[in-house]
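One file, target-v3.cif, carrying mmCIF, C-alpha atoms and all ligand atoms:
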```
data_query
#
loop_
_atom_site.label_atom_id
_atom_site.label_comp_id
_atom_site.auth_asym_id
_atom_site.auth_seq_id
_atom_site.Cartn_x
_atom_site.Cartn_y
_atom_site.Cartn_z
CA MET A 1374 6.59 -5.04 -26.10
CA TYR A 1375 6.85 -3.25 -22.82
CA ARG A 1376 10.12 -1.64 -23.69
CA THR A 1377 9.82 1.99 -22.75
CA GLU A 1378 12.42 4.30 -21.35
CA ARG A 1379 11.59 4.84 -17.69
CA ARG A 1380 10.99 8.54 -17.59
CA GLN A 1381 13.77 10.87 -16.52
CA LYS A 1382 13.24 10.72 -12.74
CA TYR A 1383 12.82 14.38 -12.01
CA ASP A 1384 13.84 17.23 -14.14
CA THR A 1385 15.76 19.89 -12.25
CA SER A 1386 14.38 22.80 -14.18
CA GLY A 1387 12.27 24.00 -11.27
CA PHE A 1388 8.54 23.97 -10.71
CA SER A 1389 6.82 21.33 -12.86
CA GLY A 1390 3.16 20.40 -12.59
CA GLN A 1391 2.05 19.86 -9.03
CA ARG A 1392 5.55 18.83 -8.17
CA CYS A 1393 7.77 21.45 -6.75
CA LEU A 1394 11.47 20.80 -6.73
CA LEU A 1395 13.57 21.59 -3.71
CA ASN A 1396 16.35 22.02 -6.18
CA SER A 1397 18.47 24.78 -4.76
CA ARG A 1398 21.31 23.92 -2.43
CA VAL A 1399 19.81 26.23 0.16
CA GLN A 1400 16.44 24.51 0.00
CA ARG A 1401 18.12 21.10 0.24
CA THR A 1402 20.13 22.22 3.24
CA GLN A 1403 16.98 23.58 4.82
CA PHE A 1404 15.28 20.26 4.07
CA LEU A 1405 18.05 18.22 5.68
CA HIS A 1406 18.49 20.68 8.56
CA MET A 1407 14.79 20.45 9.27
CA GLY A 1408 15.29 16.79 10.13
CA ARG A 1409 17.55 17.77 12.99
CA THR A 1410 15.48 20.31 14.80
CA ALA A 1411 12.24 18.77 15.83
CA PHE A 1412 10.53 20.70 18.57
CA GLY A 1413 9.43 18.62 21.49
CA ALA A 1414 9.40 15.35 19.59
CA HIS A 1415 9.98 12.75 22.22
CA ASP A 1416 9.59 9.43 20.49
CA ALA A 1417 12.91 7.60 20.23
CA ALA A 1418 11.89 6.07 16.89
CA PHE A 1419 11.06 9.56 15.62
CA GLU A 1420 14.47 10.81 16.71
CA ALA A 1421 16.11 7.82 15.04
CA ALA A 1422 14.16 8.42 11.84
CA LYS A 1423 15.28 12.08 11.82
CA GLU A 1424 18.87 10.91 12.04
CA ARG A 1425 18.32 8.37 9.31
CA LEU A 1426 16.98 11.05 7.02
CA ASN A 1427 20.48 12.46 6.81
CA THR A 1428 22.06 9.13 6.01
CA LEU A 1429 19.84 8.10 3.06
CA LYS A 1430 22.05 6.85 0.24
CA GLU A 1431 19.68 8.15 -2.42
CA GLU A 1432 17.94 11.52 -2.17
CA PRO A 1433 14.15 10.92 -2.23
CA ASP A 1434 12.16 12.25 -5.17
CA ASN A 1435 10.29 15.51 -4.80
CA ASN A 1436 6.92 13.96 -4.09
CA VAL A 1437 8.37 12.01 -1.21
CA LYS A 1438 10.37 15.01 0.03
CA LEU A 1439 7.18 17.05 0.27
CA GLN A 1440 5.47 14.19 2.09
CA ILE A 1441 8.35 13.93 4.60
CA TYR A 1442 8.37 17.70 5.06
CA ALA A 1443 4.61 17.80 5.68
CA LEU A 1444 4.66 14.87 8.13
CA PHE A 1445 7.57 16.43 10.02
CA LYS A 1446 5.70 19.72 10.43
CA GLN A 1447 2.51 17.91 11.43
CA ALA A 1448 4.43 15.76 13.94
CA THR A 1449 6.19 18.70 15.55
CA LYS A 1450 3.72 21.59 15.14
CA GLY A 1451 0.34 19.90 14.54
CA PRO A 1452 -2.09 21.00 11.77
CA CYS A 1453 -0.85 23.67 9.36
CA ASN A 1454 -1.06 27.03 11.10
CA THR A 1455 0.65 29.37 8.65
CA PRO A 1456 -0.91 31.61 5.97
CA LYS A 1457 -0.82 30.37 2.34
CA PRO A 1458 2.31 31.77 0.59
CA GLY A 1459 1.92 34.10 -2.39
CA ALA A 1460 1.26 32.75 -5.89
CA PHE A 1461 4.84 33.24 -7.04
CA ASP A 1462 6.39 31.52 -4.05
CA PHE A 1463 6.22 28.13 -5.78
CA VAL A 1464 8.33 26.25 -3.27
CA GLY A 1465 6.63 27.75 -0.22
CA ARG A 1466 3.23 27.09 -1.78
CA ALA A 1467 3.97 23.43 -2.54
CA LYS A 1468 5.25 22.91 1.00
CA TRP A 1469 2.25 24.72 2.46
CA GLN A 1470 -0.11 22.57 0.32
CA ALA A 1471 1.64 19.36 1.41
CA TRP A 1472 1.38 20.30 5.09
CA SER A 1473 -2.19 21.64 5.00
CA GLY A 1474 -3.16 18.53 2.96
CA LEU A 1475 -2.60 16.42 6.09
CA GLY A 1476 -5.61 18.03 7.69
CA ASP A 1477 -5.96 17.33 11.38
CA ILE A 1478 -4.19 13.97 11.67
CA SER A 1479 -2.69 13.74 15.13
CA GLN A 1480 0.98 14.39 15.88
CA ASP A 1481 1.34 10.73 16.88
CA GLU A 1482 -0.07 9.54 13.58
CA ALA A 1483 2.13 11.98 11.66
CA GLN A 1484 5.18 10.76 13.61
CA LYS A 1485 4.33 7.16 12.75
CA GLN A 1486 3.93 7.88 9.04
CA TYR A 1487 7.16 9.93 9.10
CA ILE A 1488 9.03 6.98 10.65
CA ASP A 1489 7.50 4.47 8.22
CA ILE A 1490 8.41 6.48 5.14
CA ILE A 1491 11.99 7.14 6.20
CA ASN A 1492 12.63 3.61 7.34
CA GLY A 1493 11.03 2.39 4.12
CA LEU A 1494 13.44 4.58 2.13
CA ALA A 1495 16.36 3.48 4.29
CA GLY A 1496 15.27 -0.11 3.64
CA GLU A 1497 15.55 -1.22 7.23
CA GLU A 1498 14.05 -0.65 10.62
CA SER A 1499 15.60 1.76 13.11
CA PRO A 1500 17.10 -0.18 16.04
CA ALA A 1501 14.73 1.71 18.38
CA GLU A 1502 11.72 0.73 16.31
CA THR A 1503 12.84 -2.92 16.01
CA GLU A 1504 13.09 -3.07 19.78
CA GLN A 1505 9.75 -1.35 20.19
CA ALA A 1506 8.14 -3.63 17.65
CA GLY A 1507 8.53 -6.65 19.91
CA GLU A 1508 9.94 -10.15 19.58
CA GLU A 1509 10.69 -10.55 15.91
CA ALA A 1510 11.74 -7.99 13.32
CA SER A 1511 11.12 -8.98 9.73
CA SER A 1512 13.83 -10.48 7.58
CA TYR A 1513 11.93 -9.40 4.48
CA LYS A 1514 12.90 -6.71 1.97
CA GLU A 1515 9.62 -5.10 0.83
CA ILE A 1516 7.35 -5.87 3.75
CA LYS A 1517 7.96 -5.55 7.46
CA VAL A 1518 6.70 -8.38 9.66
CA THR A 1519 6.58 -8.06 13.43
CA LYS A 1520 5.04 -10.34 16.03
CA GLU A 1521 3.96 -9.02 19.40
CA ASN A 1522 1.31 -10.09 21.92
CA LYS A 1523 -0.02 -12.86 19.59
CA VAL A 1524 -0.43 -10.37 16.70
CA CYS A 1525 1.50 -10.78 13.44
CA SER A 1526 1.63 -7.38 11.73
CA ILE A 1527 2.48 -7.32 8.01
CA LEU A 1528 3.40 -3.83 6.79
CA LEU A 1529 3.49 -3.24 3.02
CA ASN A 1530 6.68 -1.23 2.97
CA ARG A 1531 7.32 0.59 -0.32
CA PRO A 1532 5.83 3.97 0.66
CA ALA A 1533 7.70 5.84 -2.05
CA LYS A 1534 5.87 3.66 -4.59
CA LYS A 1535 2.52 3.71 -2.78
CA ASN A 1536 3.27 0.13 -1.67
CA ALA A 1537 2.85 -1.20 -5.22
CA ILE A 1538 3.32 -4.98 -5.19
CA THR A 1539 6.38 -6.31 -7.00
CA TRP A 1540 7.04 -9.96 -7.87
CA LEU A 1541 9.18 -10.08 -4.72
CA MET A 1542 6.51 -8.54 -2.50
CA TYR A 1543 3.92 -11.09 -3.72
CA ASN A 1544 6.26 -13.86 -2.65
CA GLU A 1545 7.09 -12.19 0.66
CA ILE A 1546 3.42 -11.78 1.57
CA VAL A 1547 2.76 -15.45 0.76
CA GLN A 1548 5.76 -16.39 2.91
CA ALA A 1549 4.63 -14.16 5.80
CA LEU A 1550 1.09 -15.57 5.80
CA ASP A 1551 2.41 -19.13 5.66
CA ASP A 1552 4.77 -18.41 8.56
CA ALA A 1553 1.99 -16.76 10.62
CA SER A 1554 -0.35 -19.72 10.00
CA LYS A 1555 2.26 -22.14 11.41
CA ASP A 1556 3.44 -20.00 14.33
CA ASP A 1557 1.53 -21.07 17.48
CA SER A 1558 2.45 -17.78 19.19
CA VAL A 1559 0.29 -15.94 16.60
CA THR A 1560 -3.51 -15.88 16.88
CA VAL A 1561 -4.31 -13.07 14.42
CA ALA A 1562 -2.63 -11.39 11.41
CA VAL A 1563 -3.04 -7.77 10.32
CA ILE A 1564 -2.04 -6.22 6.98
CA THR A 1565 -1.57 -2.46 6.59
CA GLY A 1566 0.44 0.01 4.48
CA ALA A 1567 3.40 2.31 5.19
CA GLY A 1568 2.98 5.99 4.40
CA ASP A 1569 -0.20 7.56 3.06
CA TYR A 1570 -1.34 4.64 0.85
CA TYR A 1571 -2.58 1.20 1.82
CA CYS A 1572 -1.46 -0.21 -1.53
CA SER A 1573 -1.60 0.83 -5.17
CA GLY A 1574 -2.02 -2.74 -6.38
CA ASN A 1575 0.15 -4.60 -8.85
CA ASP A 1576 3.40 -2.81 -9.62
CA LEU A 1577 2.90 -1.97 -13.30
CA GLY A 1578 6.66 -2.17 -13.63
CA ASN A 1579 6.22 -5.96 -13.28
CA PHE A 1580 5.29 -5.95 -16.95
CA MET A 1581 8.03 -3.61 -18.15
CA ASN A 1582 11.29 -4.21 -20.02
CA ILE A 1583 10.30 -7.73 -21.03
CA ASP A 1584 11.56 -9.09 -24.30
CA PRO A 1585 8.54 -9.85 -26.54
CA LYS A 1586 9.68 -13.45 -26.92
CA ASP A 1587 9.61 -13.84 -23.11
CA MET A 1588 6.11 -12.42 -22.71
CA PRO A 1589 4.27 -15.79 -22.79
CA LYS A 1590 6.59 -17.06 -20.03
CA MET A 1591 6.05 -13.86 -18.00
CA ALA A 1592 2.30 -14.35 -18.29
CA ARG A 1593 2.55 -18.01 -17.24
CA ASP A 1594 4.77 -17.14 -14.26
CA GLY A 1595 2.49 -14.25 -13.29
CA LYS A 1596 -0.54 -16.54 -13.44
CA GLU A 1597 1.11 -19.10 -11.13
CA LEU A 1598 2.32 -16.42 -8.71
CA LEU A 1599 -1.10 -14.78 -8.56
CA ARG A 1600 -2.77 -18.17 -8.03
CA ARG A 1601 -0.44 -18.90 -5.07
CA PHE A 1602 -0.89 -15.38 -3.69
CA VAL A 1603 -4.70 -15.55 -3.65
CA THR A 1604 -4.64 -19.16 -2.37
CA ALA A 1605 -2.66 -17.93 0.66
CA PHE A 1606 -5.58 -15.62 1.52
CA ILE A 1607 -8.28 -18.24 0.86
CA ASP A 1608 -6.62 -20.82 3.10
CA PHE A 1609 -5.20 -18.64 5.88
CA PRO A 1610 -6.62 -20.47 8.95
CA LYS A 1611 -6.53 -17.66 11.54
CA PRO A 1612 -8.37 -14.31 11.68
CA LEU A 1613 -6.96 -11.99 8.98
CA ILE A 1614 -7.64 -8.30 9.50
CA GLY A 1615 -7.10 -5.48 6.99
CA ALA A 1616 -6.17 -2.05 8.34
CA VAL A 1617 -6.72 0.11 5.25
CA ASN A 1618 -4.81 3.24 6.24
CA GLY A 1619 -5.26 5.06 2.90
CA PRO A 1620 -6.19 4.56 -0.77
CA ALA A 1621 -6.25 0.94 -1.99
CA VAL A 1622 -6.05 -0.07 -5.64
CA GLY A 1623 -6.46 -3.24 -7.71
CA VAL A 1624 -5.49 -6.59 -6.25
CA SER A 1625 -5.08 -5.05 -2.77
CA VAL A 1626 -8.82 -4.25 -2.93
CA THR A 1627 -10.06 -7.54 -4.40
CA VAL A 1628 -8.35 -9.80 -1.84
CA LEU A 1629 -10.03 -7.80 0.96
CA GLY A 1630 -13.08 -9.95 0.20
CA LEU A 1631 -11.08 -12.86 1.69
CA PHE A 1632 -10.28 -11.08 4.96
CA ASP A 1633 -12.25 -11.72 8.17
CA ALA A 1634 -12.49 -8.02 9.09
CA VAL A 1635 -11.53 -4.85 7.22
CA TYR A 1636 -11.15 -1.52 9.05
CA ALA A 1637 -10.71 1.57 6.90
CA THR A 1638 -9.78 5.13 7.73
CA ASP A 1639 -12.28 7.68 6.44
CA LYS A 1640 -9.57 8.80 3.99
CA ALA A 1641 -9.35 5.39 2.32
CA THR A 1642 -10.66 4.82 -1.19
CA PHE A 1643 -11.18 1.53 -3.06
CA HIS A 1644 -10.47 1.40 -6.78
CA THR A 1645 -10.27 -1.58 -9.18
CA PRO A 1646 -9.45 0.00 -12.59
CA PHE A 1647 -9.18 -3.35 -14.34
CA THR A 1648 -10.84 -2.59 -17.67
CA GLU A 1649 -9.01 0.76 -17.90
CA LEU A 1650 -5.86 -1.36 -17.74
CA GLY A 1651 -7.11 -3.92 -20.25
CA GLN A 1652 -7.15 -6.47 -17.42
CA SER A 1653 -9.82 -8.36 -15.48
CA ALA A 1654 -10.91 -9.21 -11.93
CA GLU A 1655 -8.79 -11.30 -9.58
CA GLY A 1656 -8.58 -12.12 -5.87
CA CYS A 1657 -11.83 -14.13 -6.17
CA SER A 1658 -13.66 -10.82 -6.59
CA SER A 1659 -15.61 -12.12 -9.62
CA TYR A 1660 -17.26 -14.54 -7.14
CA VAL A 1661 -17.14 -12.62 -3.82
CA PHE A 1662 -18.12 -9.09 -4.91
CA PRO A 1663 -21.47 -10.05 -6.54
CA LYS A 1664 -22.25 -12.07 -3.39
CA LEU A 1665 -21.30 -9.12 -1.18
CA MET A 1666 -22.90 -6.25 -3.04
CA GLY A 1667 -25.07 -7.63 -5.87
CA ASN A 1668 -24.17 -7.86 -9.57
CA THR A 1669 -24.69 -4.25 -10.62
CA LYS A 1670 -22.70 -2.79 -7.71
CA ALA A 1671 -19.95 -5.36 -8.30
CA ASN A 1672 -19.91 -4.46 -12.01
CA GLU A 1673 -19.63 -0.77 -11.11
CA MET A 1674 -16.26 -1.61 -9.54
CA LEU A 1675 -14.92 -4.53 -11.57
CA LEU A 1676 -16.11 -3.51 -15.05
CA PHE A 1677 -16.77 0.22 -14.85
CA ASN A 1678 -13.86 1.21 -12.56
CA LYS A 1679 -15.88 3.16 -10.00
CA LYS A 1680 -13.69 4.34 -7.08
CA LEU A 1681 -15.50 3.92 -3.74
CA THR A 1682 -15.13 6.02 -0.63
CA ALA A 1683 -14.61 4.14 2.64
CA HIS A 1684 -18.25 4.65 3.56
CA GLU A 1685 -19.45 3.33 0.18
CA ALA A 1686 -17.20 0.28 0.57
CA CYS A 1687 -18.67 -0.23 4.04
CA GLU A 1688 -22.25 0.05 2.74
CA ARG A 1689 -21.37 -2.66 0.18
CA GLY A 1690 -19.98 -5.01 2.82
CA LEU A 1691 -16.34 -4.86 1.68
CA VAL A 1692 -15.38 -2.83 4.78
CA THR A 1693 -16.45 -3.81 8.32
CA GLU A 1694 -16.09 -0.37 9.89
CA VAL A 1695 -14.87 3.10 8.91
CA LEU A 1696 -12.75 4.83 11.60
CA PRO A 1697 -11.62 8.46 11.96
CA HIS A 1698 -8.22 8.95 10.32
CA ASP A 1699 -6.47 10.54 13.25
CA SER A 1700 -7.42 7.84 15.74
CA PHE A 1701 -7.29 4.98 13.20
CA GLN A 1702 -4.21 3.19 14.51
CA LYS A 1703 -5.43 3.26 18.11
CA GLU A 1704 -8.94 2.13 17.20
CA VAL A 1705 -7.68 -0.76 15.06
CA GLN A 1706 -5.22 -1.77 17.78
CA THR A 1707 -8.09 -2.08 20.29
CA ARG A 1708 -10.07 -4.35 17.95
CA VAL A 1709 -7.08 -6.48 17.04
CA GLU A 1710 -6.02 -6.92 20.68
CA TYR A 1711 -9.54 -8.13 21.52
CA VAL A 1712 -9.42 -10.76 18.75
CA ALA A 1713 -5.88 -11.80 19.73
CA GLN A 1714 -6.91 -12.80 23.25
CA LEU A 1715 -9.91 -14.94 22.22
CA PRO A 1716 -9.64 -18.77 22.59
CA PRO A 1717 -7.63 -19.46 19.40
CA GLN A 1718 -8.92 -22.96 18.59
CA SER A 1719 -12.54 -21.85 18.93
CA VAL A 1720 -11.89 -18.91 16.60
CA ARG A 1721 -10.07 -21.12 14.05
CA GLU A 1722 -12.83 -23.72 13.99
CA GLY A 1723 -15.44 -20.98 13.65
CA LYS A 1724 -13.51 -19.48 10.71
CA LYS A 1725 -13.16 -22.94 9.13
CA LEU A 1726 -16.94 -23.51 9.33
CA VAL A 1727 -17.57 -20.32 7.37
CA ARG A 1728 -14.70 -20.73 4.86
CA ASP A 1729 -15.43 -24.42 4.16
CA GLN A 1730 -18.90 -23.45 2.87
CA GLU A 1731 -17.31 -21.83 -0.19
CA ARG A 1732 -13.63 -22.87 -0.18
CA GLU A 1733 -14.03 -24.97 -3.31
CA ASP A 1734 -15.88 -22.20 -5.15
CA LEU A 1735 -13.20 -19.71 -4.14
CA HIS A 1736 -10.41 -21.91 -5.49
CA LYS A 1737 -12.38 -22.42 -8.71
CA ALA A 1738 -12.89 -18.67 -9.09
CA ASN A 1739 -9.19 -18.05 -8.43
CA GLU A 1740 -8.13 -20.59 -11.09
CA LYS A 1741 -10.52 -19.10 -13.65
CA GLU A 1742 -9.50 -15.49 -12.95
CA CYS A 1743 -5.80 -16.34 -13.25
CA GLU A 1744 -6.41 -18.11 -16.54
CA VAL A 1745 -8.23 -15.11 -18.02
CA LEU A 1746 -5.56 -12.72 -16.74
CA GLU A 1747 -2.79 -14.75 -18.39
CA GLY A 1748 -4.43 -13.95 -21.72
CA ARG A 1749 -5.14 -10.33 -20.77
CA TRP A 1750 -1.48 -9.62 -19.99
CA LEU A 1751 -0.57 -10.64 -23.56
CA SER A 1752 -3.31 -8.51 -25.13
CA GLU A 1753 -2.76 -5.29 -27.06
CA GLU A 1754 -5.33 -3.56 -24.80
CA CYS A 1755 -3.25 -4.30 -21.69
CA VAL A 1756 0.06 -3.41 -23.30
CA ARG A 1757 -1.28 -0.07 -24.48
CA ALA A 1758 -2.82 0.77 -21.09
CA ILE A 1759 0.37 0.07 -19.15
CA MET A 1760 2.53 1.95 -21.63
CA SER A 1761 0.28 4.98 -21.30
CA PHE A 1762 0.59 4.91 -17.51
CA PHE A 1763 4.37 5.30 -17.71
CA THR A 1764 4.24 7.67 -20.69
CA LYS A 1765 1.88 9.96 -18.73
CA LYS A 1766 4.37 9.89 -15.84
CA ALA A 1767 7.14 10.83 -18.20
CA ARG A 1768 5.25 13.92 -19.27
CA LEU A 1769 4.86 15.33 -15.74
C1 LIG A 1801 1.70 -11.60 -10.19
C2 LIG A 1801 0.95 -10.53 -10.94
C3 LIG A 1801 -0.38 -10.32 -10.35
C4 LIG A 1801 -1.16 -9.23 -11.01
C5 LIG A 1801 -2.55 -9.22 -10.47
C6 LIG A 1801 -3.45 -8.27 -11.18
C7 LIG A 1801 -3.47 -7.00 -10.44
C8 LIG A 1801 -4.02 -5.94 -10.98
C9 LIG A 1801 -3.96 -4.65 -10.31
O1 LIG A 1801 -3.56 -4.46 -9.17
S1 LIG A 1801 -4.51 -3.40 -11.32
C10 LIG A 1801 -4.10 -1.92 -10.46
C11 LIG A 1801 -2.65 -1.55 -10.70
N1 LIG A 1801 -2.38 -0.27 -10.07
C12 LIG A 1801 -2.58 0.90 -10.72
O2 LIG A 1801 -3.00 0.95 -11.84
C13 LIG A 1801 -2.25 2.17 -9.96
C14 LIG A 1801 -1.16 2.95 -10.71
N2 LIG A 1801 -0.76 4.12 -9.95
C15 LIG A 1801 -1.47 5.27 -10.01
O3 LIG A 1801 -2.49 5.38 -10.66
C16 LIG A 1801 -0.96 6.40 -9.17
O4 LIG A 1801 0.40 6.17 -8.88
C17 LIG A 1801 -1.73 6.52 -7.82
C18 LIG A 1801 -3.14 7.01 -8.11
C19 LIG A 1801 -1.75 5.17 -7.13
C20 LIG A 1801 -1.00 7.53 -6.93
O5 LIG A 1801 -0.87 8.75 -7.65
P1 LIG A 1801 -0.02 9.95 -6.99
O6 LIG A 1801 -0.51 10.22 -5.62
O7 LIG A 1801 0.03 11.01 -8.02
O8 LIG A 1801 1.43 9.35 -6.79
P2 LIG A 1801 2.44 8.94 -7.97
O9 LIG A 1801 1.69 8.45 -9.15
O10 LIG A 1801 3.43 10.02 -8.17
O11 LIG A 1801 3.15 7.66 -7.29
C21 LIG A 1801 4.37 7.78 -6.55
C22 LIG A 1801 5.36 6.84 -7.20
O12 LIG A 1801 4.86 5.49 -7.08
C23 LIG A 1801 4.78 4.91 -8.38
N3 LIG A 1801 3.62 4.02 -8.42
C24 LIG A 1801 2.43 4.20 -7.78
N4 LIG A 1801 1.61 3.16 -8.05
C25 LIG A 1801 2.30 2.30 -8.85
C26 LIG A 1801 2.01 1.04 -9.45
N5 LIG A 1801 0.86 0.42 -9.24
N6 LIG A 1801 2.95 0.46 -10.23
C27 LIG A 1801 4.15 1.07 -10.42
N7 LIG A 1801 4.54 2.27 -9.87
C28 LIG A 1801 3.58 2.86 -9.09
C29 LIG A 1801 4.60 6.07 -9.33
O13 LIG A 1801 4.98 5.70 -10.64
C30 LIG A 1801 5.53 7.08 -8.69
O14 LIG A 1801 6.85 6.67 -9.00
P3 LIG A 1801 7.91 7.78 -9.46
O15 LIG A 1801 8.06 8.64 -8.24
O16 LIG A 1801 7.22 8.49 -10.60
O17 LIG A 1801 9.10 6.99 -9.84
#
```

What does the file become when written as structure tokens?
Amino acid sequence: MYRTERRQKYDTSGFSGQRCLLNSRVQRTQFLHMGRTAFGAHDAAFEAAKERLNTLKEEPDNNVKLQIYALFKQATKGPCNTPKPGAFDFVGRAKWQAWSGLGDISQDEAQKQYIDIINGLAGEESPAETEQAGEEASSYKEIKVTKENKVCSILLNRPAKKNAITWLMYNEIVQALDDASKDDSVTVAVITGAGDYYCSGNDLGNFMNIDPKDMPKMARDGKELLRRFVTAFIDFPKPLIGAVNGPAVGVSVTVLGLFDAVYATDKATFHTPFTELGQSAEGCSSYVFPKLMGNTKANEMLLFNKKLTAHEACERGLVTEVLPHDSFQKEVQTRVEYVAQLPPQSVREGKKLVRDQEREDLHKANEKECEVLEGRWLSEECVRAIMSFFTKKARL
């Protein structure tokens, strides 16, 4: 049912759509050389990431190459300071657009995103960064978990895929939250995304290449996995903070209603395109969102697919505070460090008082949502919507 040829990754015919291909040998050499000549970049992790760039087993796709190029320029030169290339200089124009698209994010922030993307592509952490990260580097594949100064940081780490959540990543997040809840050295957990996205929600590839006769089993397994995933957020006993560093989609938005604080950069957006995908609400949002923002505002998101800006999400109570993009990491760090040093038992008992008021209702909502979704995933509407996502990609 979901059989569809994954589109040809990138054609090499040259400029296509908004994607520009660094497809000549010269351009590729320039691209790789660029990684070696940062000007004044001092951060060891940045240096390590530059070195890693040249050891990647698989060349990144063009979108990611442009992102790496832009972040490198921003990290070493600051905001784009060159004139826009001429209309026929396709490659120069695409690179200029990628760089100028970063606006005025700080060199530090650009360095951090550069490191995250490259280490995400390399699939492991640079030794320098592991050291810097503190006591424990993650032993996970699609998230990065570090614990330092009582803070457990969970980084969604598939930047090349906008941190879309695979079956494996669902399980890893459940595992990381369970581990953080039992670790007495941890008093607060934070979830954020690598690269320019917070998370693009469920990986639509989860439903691909499944034999029609196995679909009912896929739907049953997906229902059970989703139920466990959302339960982990409902029952997490310590403060859980979301650091929404960029656009958030689908289930990564709905579970935010189960967090204790959500900080968003002013570049973040919040989108739950469920009915466009032939699907339905999850993450307890069918219960939490009407309580947070009223029925009509909740329906605007969950039924009518309205994408919210960070400020709109804050006005509706889904986001605690919107912070400037270029100081986002620092600002969130200050807030998290304050929470981390509070008397942990007092904080946990305070959280339990609030959560116990509606814990039962949340579990009921979760069960109901998972049941409905099991049926949705087998529906023609859902199949068609997911197929068209990948078919559209194939056309680009
Ligand atoms: C246990 C099961 C539980 C299921 C729970 C129910 C959950 C429901 C949801 O979460 S519904 C929401 C699902 N998410 C989406 O519909 C988003 C789909 N993605 C997009 O619309 C776009 O990718 C984008 C707007 C997020 C970003 O667009 P753009 O900036 O143009 O980047 P690209 O599209 O080129 O993305 C780069 C790269 O990543 C791949 N990708 C991005 N998001 C997803 C995704 N959700 N699933 C699979 N793949 C994704 C995209 O295909 C590109 O890959 P490529 O380079 O083409 O190989």

Given the point (0.2, -0.2, -13.8) in the file's coordinates, find the residues that have an atom at most 10 Å from it, counting only C-alpha atoms, and give them as number ranges by chain.
A: 1537, 1573-1581, 1623, 1646-1647, 1650, 1755, 1758-1763

Which value, in Å to one decimal, gives the distance between atom C26 of ligand LIG 1801 (chain A) and CA of Asp1587 (chain A)?
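Distance reported for this atom pair: 21.6 Å.
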
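Take the candidates A:Cys1687, A:Ala1562, A:Ala1467, A:Leu1426 and check each one against Val1712 (chain A) using all atoms listed in the file; the shortest distance goes to A:Ala1562.
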
Excluding Ile1491 (chain A) and its own-chain neighbours fewer than 6 positions away, which residues fall within 10 Å of it when counting only C-alpha atoms? Please give them as a count of residues only.
18

Which of A:Asn1522, A:Asn1436, A:Ser1752, A:Thr1449 sits closest to ligand LIG 1801 (chain A) [using only C-alpha atoms and all ligand atoms]:
A:Asn1436

To one decimal in Å, tell me the separation between CA of Gly1656 (chain A) and CA of Ile1538 (chain A).
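About the pair CA of Gly1656 (chain A) and CA of Ile1538 (chain A): they are 13.9 Å apart.
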
Which residue out of A:Ser1653, A:Gln1702, A:Asn1668, A:Asn1618 has the minimum interatomic distance to Ala1683 (chain A) when all atoms listed in the file are used?
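Checking each candidate against Ala1683 (chain A), we get A:Asn1618 as the closest.
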
Axis-aligned box for all listed atoms of ligand LIG 1801 (chain A), 4 Å per side, centre and edges in Å to one decimal, as lines of an AutoDock Vina configuration file:
```
center_x = 2.3
center_y = -0.3
center_z = -8.7
size_x = 21.6
size_y = 30.6
size_z = 14.2
```

Correct to one decimal, the distance CA of Glu1744 (chain A)-CA of Ile1614 (chain A) is 27.9 Å
